[in-house]
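Containing mmCIF, C-alpha atoms: run_2.cif.
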```cif
data_structure
loop_
_atom_site.label_atom_id
_atom_site.label_comp_id
_atom_site.auth_asym_id
_atom_site.auth_seq_id
_atom_site.Cartn_x
_atom_site.Cartn_y
_atom_site.Cartn_z
CA MET A 6 3.79 -3.99 190.53
CA ARG A 7 4.22 -3.93 186.78
CA LEU A 8 7.96 -3.67 186.21
CA ASP A 9 9.62 -2.31 183.08
CA HIS A 10 13.20 -3.38 183.77
CA GLU A 11 15.15 -6.47 184.68
CA ILE A 12 18.29 -6.21 186.80
CA HIS A 13 21.58 -7.94 186.00
CA GLY A 14 24.18 -8.54 188.71
CA SER A 15 27.36 -10.58 188.68
CA LYS A 16 25.71 -13.84 189.85
CA VAL A 17 21.97 -13.40 189.37
CA VAL A 18 19.44 -11.74 187.10
CA LEU A 19 16.19 -10.40 188.53
CA VAL A 20 13.17 -10.50 186.23
CA PRO A 21 9.47 -9.78 186.76
CA TYR A 22 7.28 -12.71 187.75
CA LYS A 23 5.69 -13.91 184.50
CA LYS A 24 3.15 -16.55 183.57
CA GLU A 25 5.89 -18.77 182.18
CA HIS A 26 7.39 -18.98 185.68
CA VAL A 27 4.22 -20.07 187.47
CA GLN A 28 4.36 -23.82 186.98
CA LYS A 29 7.89 -24.14 188.40
CA TYR A 30 7.02 -21.73 191.22
CA HIS A 31 3.97 -23.84 192.01
CA GLY A 32 6.20 -26.92 192.16
CA TRP A 33 8.38 -25.19 194.73
CA MET A 34 5.39 -24.30 196.87
CA GLU A 35 4.27 -27.92 197.04
CA SER A 36 7.01 -28.22 199.68
CA ASP A 37 5.59 -28.12 203.21
CA VAL A 38 8.91 -26.74 204.48
CA LEU A 39 9.01 -23.81 202.03
CA ARG A 40 5.37 -22.94 202.67
CA LYS A 41 5.96 -22.89 206.42
CA LEU A 42 9.11 -20.80 206.24
CA THR A 43 7.47 -18.31 203.86
CA ALA A 44 4.07 -18.33 205.63
CA SER A 45 2.42 -19.28 202.32
CA ASP A 46 -0.86 -21.07 201.66
CA LYS A 47 -1.08 -24.24 199.59
CA LEU A 48 -2.61 -23.28 196.23
CA THR A 49 -3.80 -25.14 193.19
CA LEU A 50 -2.03 -24.43 189.93
CA ASP A 51 -5.00 -22.33 188.75
CA GLU A 52 -4.88 -20.34 191.98
CA GLU A 53 -1.14 -19.84 191.48
CA TYR A 54 -1.80 -18.31 188.04
CA GLU A 55 -4.42 -16.00 189.57
CA GLN A 56 -1.99 -14.98 192.30
CA GLN A 57 0.68 -14.14 189.73
CA GLU A 58 -1.77 -11.81 187.98
CA ASP A 59 -2.75 -10.23 191.30
CA TRP A 60 0.88 -9.62 192.25
CA VAL A 61 1.57 -7.91 188.94
CA ALA A 62 -1.52 -5.71 189.30
CA ASP A 63 -0.81 -4.73 192.92
CA PRO A 64 1.14 -1.42 192.93
CA ASN A 65 2.20 -2.03 196.55
CA LYS A 66 3.93 -5.37 195.91
CA LEU A 67 7.13 -5.88 193.92
CA THR A 68 8.24 -9.40 192.96
CA PHE A 69 11.39 -10.41 191.16
CA ILE A 70 12.12 -13.97 190.11
CA ILE A 71 15.79 -14.79 190.75
CA LEU A 72 17.63 -16.39 187.84
CA HIS A 73 21.06 -18.00 188.12
CA LYS A 74 23.17 -16.02 185.67
CA GLU A 75 25.45 -18.87 184.59
CA GLU A 76 22.49 -21.19 184.06
CA LEU A 77 20.75 -18.48 182.01
CA LYS A 78 23.80 -18.08 179.78
CA LYS A 79 23.40 -21.70 178.65
CA ASP A 80 20.06 -20.79 177.05
CA PRO A 81 18.97 -17.14 177.44
CA SER A 82 15.52 -18.03 176.11
CA ASP A 83 14.89 -20.51 178.94
CA GLU A 84 14.33 -18.48 182.10
CA VAL A 85 12.45 -21.33 183.77
CA ASN A 86 15.50 -23.58 183.87
CA ALA A 87 17.53 -20.79 185.51
CA MET A 88 14.96 -20.02 188.25
CA ILE A 89 16.25 -20.43 191.80
CA GLY A 90 13.88 -18.33 193.92
CA ASP A 91 12.17 -14.99 194.36
CA VAL A 92 12.57 -11.72 196.26
CA ASN A 93 9.69 -9.48 197.29
CA LEU A 94 8.98 -6.01 198.60
CA PHE A 95 5.71 -5.05 200.30
CA PHE A 96 4.98 -1.33 200.46
CA GLN A 97 2.41 -1.44 203.25
CA GLU A 98 1.27 1.48 205.38
CA ASP A 99 3.93 3.32 207.32
CA GLU A 100 5.10 1.18 210.25
CA SER A 101 7.53 3.60 211.88
CA GLU A 102 5.58 3.48 215.16
CA ASP A 103 5.85 -0.32 215.22
CA LEU A 104 9.63 -0.13 214.92
CA GLY A 105 10.18 1.53 218.31
CA GLU A 106 13.40 3.52 218.64
CA ILE A 107 14.45 2.57 215.11
CA GLY A 108 11.16 4.04 213.88
CA LYS A 109 11.88 7.33 215.65
CA GLU A 110 15.23 7.53 213.89
CA LEU A 111 13.57 6.69 210.60
CA GLU A 112 11.05 9.50 210.97
CA LYS A 113 13.93 11.98 211.32
CA LEU A 114 15.94 10.53 208.47
CA GLU A 115 16.35 12.54 205.32
CA ILE A 116 18.07 10.79 202.44
CA GLY A 117 18.75 12.97 199.45
CA ILE A 118 18.96 10.25 196.81
CA GLU A 119 17.67 11.44 193.48
CA PRO A 120 16.04 8.72 191.37
CA LYS A 121 18.21 7.86 188.38
CA CYS A 122 15.16 7.14 186.22
CA PRO A 123 11.37 7.35 186.57
CA PRO A 124 9.51 4.76 188.69
CA PRO A 125 7.85 1.78 186.99
CA VAL A 126 4.62 2.11 185.05
CA GLY A 127 1.63 2.69 187.32
CA VAL A 128 3.68 3.66 190.37
CA LYS A 129 3.76 7.43 189.86
CA GLU A 130 0.17 7.73 191.05
CA VAL A 131 0.71 5.60 194.17
CA LYS A 132 2.25 6.92 197.39
CA LEU A 133 4.58 4.13 198.46
CA SER A 134 5.80 3.51 201.99
CA SER A 135 9.46 4.47 202.41
CA ASN A 136 9.92 1.42 204.69
CA PRO A 137 9.00 -1.65 202.63
CA GLU A 138 9.08 -5.17 204.02
CA ILE A 139 11.53 -7.42 202.20
CA ASN A 140 11.77 -11.19 201.98
CA ILE A 141 13.61 -13.74 199.88
CA MET A 142 13.24 -17.40 199.07
CA ILE A 143 15.99 -19.54 197.56
CA ALA A 144 14.02 -22.62 196.56
CA GLU A 145 16.83 -24.60 194.91
CA LEU A 146 18.63 -25.13 198.22
CA ASP A 147 20.43 -28.31 197.23
CA ARG A 148 22.13 -26.60 194.29
CA PHE A 149 22.60 -22.94 195.14
CA VAL A 150 22.66 -22.30 198.88
CA ARG A 151 25.62 -20.42 200.47
CA LYS A 152 27.02 -19.13 197.19
CA GLY A 153 26.25 -15.44 197.74
CA LEU A 154 23.29 -15.51 195.35
CA GLY A 155 20.72 -14.51 197.97
CA THR A 156 22.89 -11.67 199.24
CA GLU A 157 23.29 -10.24 195.76
CA ALA A 158 19.59 -10.66 194.96
CA VAL A 159 18.51 -8.79 198.11
CA CYS A 160 21.08 -6.02 197.61
CA LEU A 161 20.10 -5.56 193.95
CA THR A 162 16.46 -5.28 195.03
CA MET A 163 17.22 -2.82 197.82
CA ARG A 164 19.34 -0.68 195.50
CA TYR A 165 16.49 -0.64 192.97
CA ALA A 166 14.00 0.34 195.68
CA ILE A 167 16.24 3.12 196.98
CA GLU A 168 17.13 4.62 193.62
CA ARG A 169 13.75 4.23 191.88
CA LEU A 170 11.13 4.05 194.61
CA GLY A 171 12.53 6.26 197.38
CA ALA A 172 12.96 3.58 200.05
CA LYS A 173 14.66 4.82 203.23
CA SER A 174 14.74 1.59 205.19
CA PHE A 175 13.76 -2.07 204.94
CA THR A 176 12.07 -4.40 207.41
CA ALA A 177 12.42 -8.19 207.45
CA LYS A 178 9.89 -10.28 209.39
CA ILE A 179 11.22 -13.77 210.02
CA LEU A 180 9.77 -16.81 211.82
CA GLN A 181 11.62 -17.38 215.08
CA GLU A 182 12.52 -20.93 214.04
CA ASN A 183 14.05 -19.83 210.72
CA VAL A 184 17.57 -19.51 212.08
CA ASN A 185 19.18 -19.50 208.63
CA SER A 186 17.18 -16.48 207.51
CA ILE A 187 17.83 -14.69 210.81
CA GLY A 188 21.57 -15.17 210.36
CA PHE A 189 21.33 -14.09 206.72
CA PHE A 190 19.73 -10.71 207.53
CA GLU A 191 21.47 -10.03 210.85
CA ASP A 192 25.01 -11.18 210.14
CA GLY A 193 25.19 -10.99 206.38
CA LEU A 194 23.22 -7.82 205.66
CA GLN A 195 23.67 -5.76 208.85
CA PHE A 196 19.95 -5.61 209.69
CA ALA A 197 19.30 -4.61 213.33
CA LYS A 198 16.84 -6.50 215.51
CA VAL A 199 13.72 -4.57 216.49
CA ASP A 200 13.22 -5.52 220.15
CA GLY A 201 9.75 -6.35 221.38
CA ARG A 202 8.16 -6.59 217.95
CA GLY A 203 6.74 -9.61 216.17
CA GLU A 204 6.58 -12.01 219.13
CA ILE A 205 2.80 -12.30 218.96
CA PHE A 206 3.24 -13.73 215.45
CA GLN A 207 6.21 -15.87 216.55
CA GLU A 208 8.37 -13.65 214.37
CA VAL A 209 11.61 -11.72 214.79
CA TRP A 210 11.69 -8.29 213.13
CA TYR A 211 14.80 -6.70 211.68
CA ASN A 212 15.34 -3.30 210.11
CA LEU A 213 18.01 -1.68 207.96
CA ILE A 214 18.12 2.11 207.77
CA VAL A 215 19.65 3.33 204.52
CA ASP A 216 22.52 5.39 205.89
CA ASP A 217 26.02 5.71 204.42
CA ALA A 218 27.19 2.40 205.92
CA ALA A 219 24.18 0.57 204.51
CA MET A 220 24.70 2.08 201.06
CA ASP A 221 28.36 1.06 201.15
CA MET A 222 27.33 -2.51 201.98
CA ILE A 223 24.66 -2.59 199.27
CA LYS A 224 27.02 -1.23 196.60
CA GLU A 225 29.79 -3.60 197.69
CA ASN A 226 27.42 -6.49 196.98
CA THR A 227 26.23 -5.02 193.67
CA SER A 228 29.51 -4.32 191.90
CA ILE A 229 27.59 -5.10 188.71
CA TYR A 230 24.19 -3.40 188.61
CA GLU A 231 22.69 -3.16 185.16
CA MET A 232 19.06 -2.25 184.50
CA LYS A 233 17.81 -3.46 181.16
CA PRO A 234 14.44 -2.27 179.83
CA ILE A 235 11.72 -4.76 179.02
CA GLU A 236 9.78 -3.94 175.87
CA THR A 237 6.84 -6.19 176.67
CA TYR A 238 5.59 -7.78 179.85
CA ASN A 239 2.69 -10.23 179.91
CA GLY A 240 1.91 -9.22 176.35
CA GLU A 241 1.59 -5.52 177.15
CA LYS A 242 3.81 -2.67 176.09
#
```
Please lay out the structure from this file as structure tokens.
Amino acid sequence: MRLDHEIHGSKVVLVPYKKEHVQKYHGWMESDVLRKLTASDKLTLDEEYEQQEDWVADPNKLTFIILHKEELKKDPSDEVNAMIGDVNLFFQEDESEDLGEIGKELEKLEIGIEPKCPPPVGVKEVKLSSNPEINIMIAELDRFVRKGLGTEAVCLTMRYAIERLGAKSFTAKILQENVNSIGFFEDGLQFAKVDGRGEIFQEVWYNLIVDDAAMDMIKENTSIYEMKPIETYNGEK
């Protein structure tokens, strides 16, 4: 998805995935552990550049690179040094039937949130799922784990998706062995487990319906939420 804004929170800044980020991202994905936990394939650097272009062009995929705000302040022109991970949304086909009882509630849900500004370029013509899948990777674990950065990054992304893209719920699909991520979504972000789903893929599925309690939680974790327009992205207006 071609994004026209970056999002500033109190601890992190979310920016579109750009070519300048690819080499560091590729370095992260050389880790066998990160690839396994994110179900990612091992790519060459050239393939990583191609994937970045594909992700930007895909109207059903949204990717933000997570920047550490304090690190960015040291040199605002050096986003690469401030990179700590990424957060993604996948707007696949409606999966309400796959979500069991939660899906039935979702089908009945009506959320009257008016977008505060138009959707990103190229999205108006695409009918997006109102139940995107969300995932996050904090790659710089030794420096930035358990500091609330991931929580803010996910909540900023969800708030953006609700207010600009009409999201009504979010699904997280997590490998059964990834206990840290399970605790992050279940305990930290109030996602509810979807029973009987994902086992065939050795996954655990979680869902968060955007009701009043969820919005309170999201806004509590995004006390600073500033959208700043991007004049150019990948050399295009």
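The residue that comes closest to A:Leu8, out of A:Gln56, A:Ser228, A:Thr68, A:Thr49 and on the basis of all atoms listed in the file, is A:Thr68.
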Among listed residues A:Met34, A:Ala44, A:Met163, A:Ala219, nearest A:Ser135 (using all atoms listed in the file) |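 With all atoms listed in the file as the atom set, the closest residue is A:Met163.
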Selected by the PyMOL selection byres ((chain A and resi 90) around 9) in the shown coordinates: which residues, as a ChimeraX atom specification?
-> /A:30,33,69-72,88-89,91-92,141-145,155
Skip A:Gln28 itself and residues of its chain fewer than 4 positions away, then list as a ChimeraX atom specification all residues within 10 Å of it, counting all atoms listed in the file.
-> /A:24,32-34,50-51,53-54,85
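The residue set within 12 Å of A:Phe189, counting only C-alpha atoms and dropping same-chain residues fewer than 2 places from it, reads A:Asn140, A:Ile141, A:Met142, A:Ile143, A:Val150, A:Arg151, A:Gly153, A:Leu154, A:Gly155, A:Thr156, A:Glu157, A:Val159, A:Ala177, A:Ile179, A:Asn183, A:Val184, A:Asn185, A:Ser186, A:Ile187, A:Glu191, A:Asp192, A:Gly193, A:Leu194, A:Gln195, A:Phe196, A:Ala197, A:Tyr211.
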Using only C-alpha atoms, the residue out of A:Glu168, A:Arg7, A:Tyr230, A:Gln181 with shortest distance to A:Lys41 is A:Gln181
Could you state the separation of atom CA of A:Ile139 and atom CA of A:Glu11 in Å, given to one decimal place?
->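 One can read the atom CA of A:Ile139 to atom CA of A:Glu11 distance as 17.9 Å.
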Calculate, to one decimal in Å, the centre and edge lengths of the box along x, y and z of the file that holds all listed atoms of stretch 17-20 of chain A with 4 Å of margin on each side, and present them as JSON.
```
{"center_x": 17.6, "center_y": -11.9, "center_z": 187.8, "size_x": 16.8, "size_y": 11.0, "size_z": 11.1}
```
Can you list, as number ranges by chain, the residues that the PyMOL selection byres ((chain A and resi 215) around 10) selects here?
-> A: 111, 114-116, 136, 163-164, 167, 172-175, 212-214, 216-223
Hits of the PyMOL selection byres ((chain A and resi 10) around 7) in this structure, as JSON, numbers by chain | {"A": [8, 9, 11, 12, 232, 233, 234, 235]}
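The space separating atom CA of A:Leu170 from atom CA of A:Leu67 comes to 10.7 Å.
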Hey, can you check how far atom CA of A:Val18 sits from atom CA of A:Lys74?
->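 Between atom CA of A:Val18 and atom CA of A:Lys74 the gap is 5.9 Å.
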Residue nearest A:Ala62 - candidates A:Met6, A:Asn86, A:Asp46, A:Arg40, atoms counted: only C-alpha atoms | A:Met6
Nearest to A:Leu161 by atom-to-atom distance, counting all atoms listed in the file, from A:Lys224, A:Lys66, A:Trp60, A:Glu35 | A:Lys224
Nearest to A:Val38, chosen from A:Glu208, A:Asp83, A:Glu182, A:Glu231, with all atoms listed in the file counted in the distances =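 Counting all atoms listed in the file, the residue closest to A:Val38 is A:Glu182.
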Extract stretch 166-177 of chain A from the preceding block and save all heavy atoms as a compact mmCIF listing (two decimals), in the first residue's frame.
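Now in selection.txt:
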```
# COMPACT_ATOMS: atom_id res chain seq x y z
N ALA A 166 -5.72 2.29 11.01
CA ALA A 166 -6.58 1.43 10.21
C ALA A 166 -8.06 1.66 10.50
O ALA A 166 -8.91 1.59 9.61
CB ALA A 166 -6.22 -0.03 10.45
N ILE A 167 -8.38 1.94 11.75
CA ILE A 167 -9.78 2.22 12.12
C ILE A 167 -10.24 3.54 11.54
O ILE A 167 -11.30 3.64 10.91
CB ILE A 167 -9.92 2.23 13.66
CG1 ILE A 167 -9.65 0.84 14.24
CG2 ILE A 167 -11.31 2.73 14.07
CD1 ILE A 167 -9.38 0.85 15.73
N GLU A 168 -9.43 4.58 11.73
CA GLU A 168 -9.85 5.93 11.38
C GLU A 168 -9.72 6.23 9.89
O GLU A 168 -10.45 7.08 9.36
CB GLU A 168 -9.07 6.95 12.19
CG GLU A 168 -9.36 6.85 13.69
CD GLU A 168 -8.65 7.91 14.51
OE1 GLU A 168 -7.80 8.64 13.94
OE2 GLU A 168 -8.93 8.01 15.72
N ARG A 169 -8.82 5.55 9.19
CA ARG A 169 -8.62 5.85 7.76
C ARG A 169 -9.11 4.75 6.84
O ARG A 169 -9.47 5.02 5.68
CB ARG A 169 -7.14 6.11 7.47
CG ARG A 169 -6.61 7.39 8.06
CD ARG A 169 -5.41 7.90 7.29
NE ARG A 169 -5.76 8.49 6.03
CZ ARG A 169 -4.88 8.87 5.10
NH1 ARG A 169 -3.58 8.67 5.31
NH2 ARG A 169 -5.27 9.42 3.98
N LEU A 170 -9.11 3.50 7.31
CA LEU A 170 -9.39 2.38 6.42
C LEU A 170 -10.63 1.59 6.81
O LEU A 170 -10.96 0.60 6.17
CB LEU A 170 -8.18 1.45 6.35
CG LEU A 170 -6.86 2.12 5.93
CD1 LEU A 170 -5.71 1.13 6.05
CD2 LEU A 170 -6.96 2.65 4.50
N GLY A 171 -11.32 2.00 7.86
CA GLY A 171 -12.59 1.39 8.23
C GLY A 171 -12.49 0.02 8.88
O GLY A 171 -13.44 -0.76 8.84
N ALA A 172 -11.37 -0.30 9.51
CA ALA A 172 -11.23 -1.59 10.17
C ALA A 172 -12.19 -1.69 11.35
O ALA A 172 -12.37 -0.74 12.11
CB ALA A 172 -9.79 -1.78 10.65
N LYS A 173 -12.80 -2.87 11.51
CA LYS A 173 -13.72 -3.12 12.61
C LYS A 173 -13.19 -4.14 13.60
O LYS A 173 -13.71 -4.26 14.72
CB LYS A 173 -15.08 -3.62 12.07
CG LYS A 173 -15.83 -2.60 11.23
CD LYS A 173 -17.17 -3.16 10.80
CE LYS A 173 -17.97 -2.15 9.98
NZ LYS A 173 -19.28 -2.71 9.57
N SER A 174 -12.19 -4.89 13.18
CA SER A 174 -11.55 -5.84 14.09
C SER A 174 -10.19 -6.20 13.51
O SER A 174 -9.87 -5.87 12.36
CB SER A 174 -12.41 -7.10 14.28
OG SER A 174 -12.29 -7.96 13.15
N PHE A 175 -9.39 -6.89 14.31
CA PHE A 175 -8.04 -7.28 13.89
C PHE A 175 -7.80 -8.72 14.33
O PHE A 175 -8.20 -9.12 15.42
CB PHE A 175 -6.99 -6.37 14.54
CG PHE A 175 -7.13 -4.93 14.16
CD1 PHE A 175 -7.94 -4.08 14.92
CD2 PHE A 175 -6.48 -4.41 13.06
CE1 PHE A 175 -8.10 -2.75 14.58
CE2 PHE A 175 -6.62 -3.08 12.70
CZ PHE A 175 -7.44 -2.25 13.46
N THR A 176 -7.14 -9.48 13.46
CA THR A 176 -6.80 -10.86 13.77
C THR A 176 -5.28 -11.01 13.81
O THR A 176 -4.58 -10.47 12.94
CB THR A 176 -7.38 -11.82 12.71
OG1 THR A 176 -8.81 -11.76 12.76
CG2 THR A 176 -6.92 -13.25 12.96
N ALA A 177 -4.79 -11.71 14.81
CA ALA A 177 -3.36 -12.04 14.92
C ALA A 177 -3.20 -13.55 14.84
O ALA A 177 -3.89 -14.28 15.57
CB ALA A 177 -2.78 -11.51 16.23
```
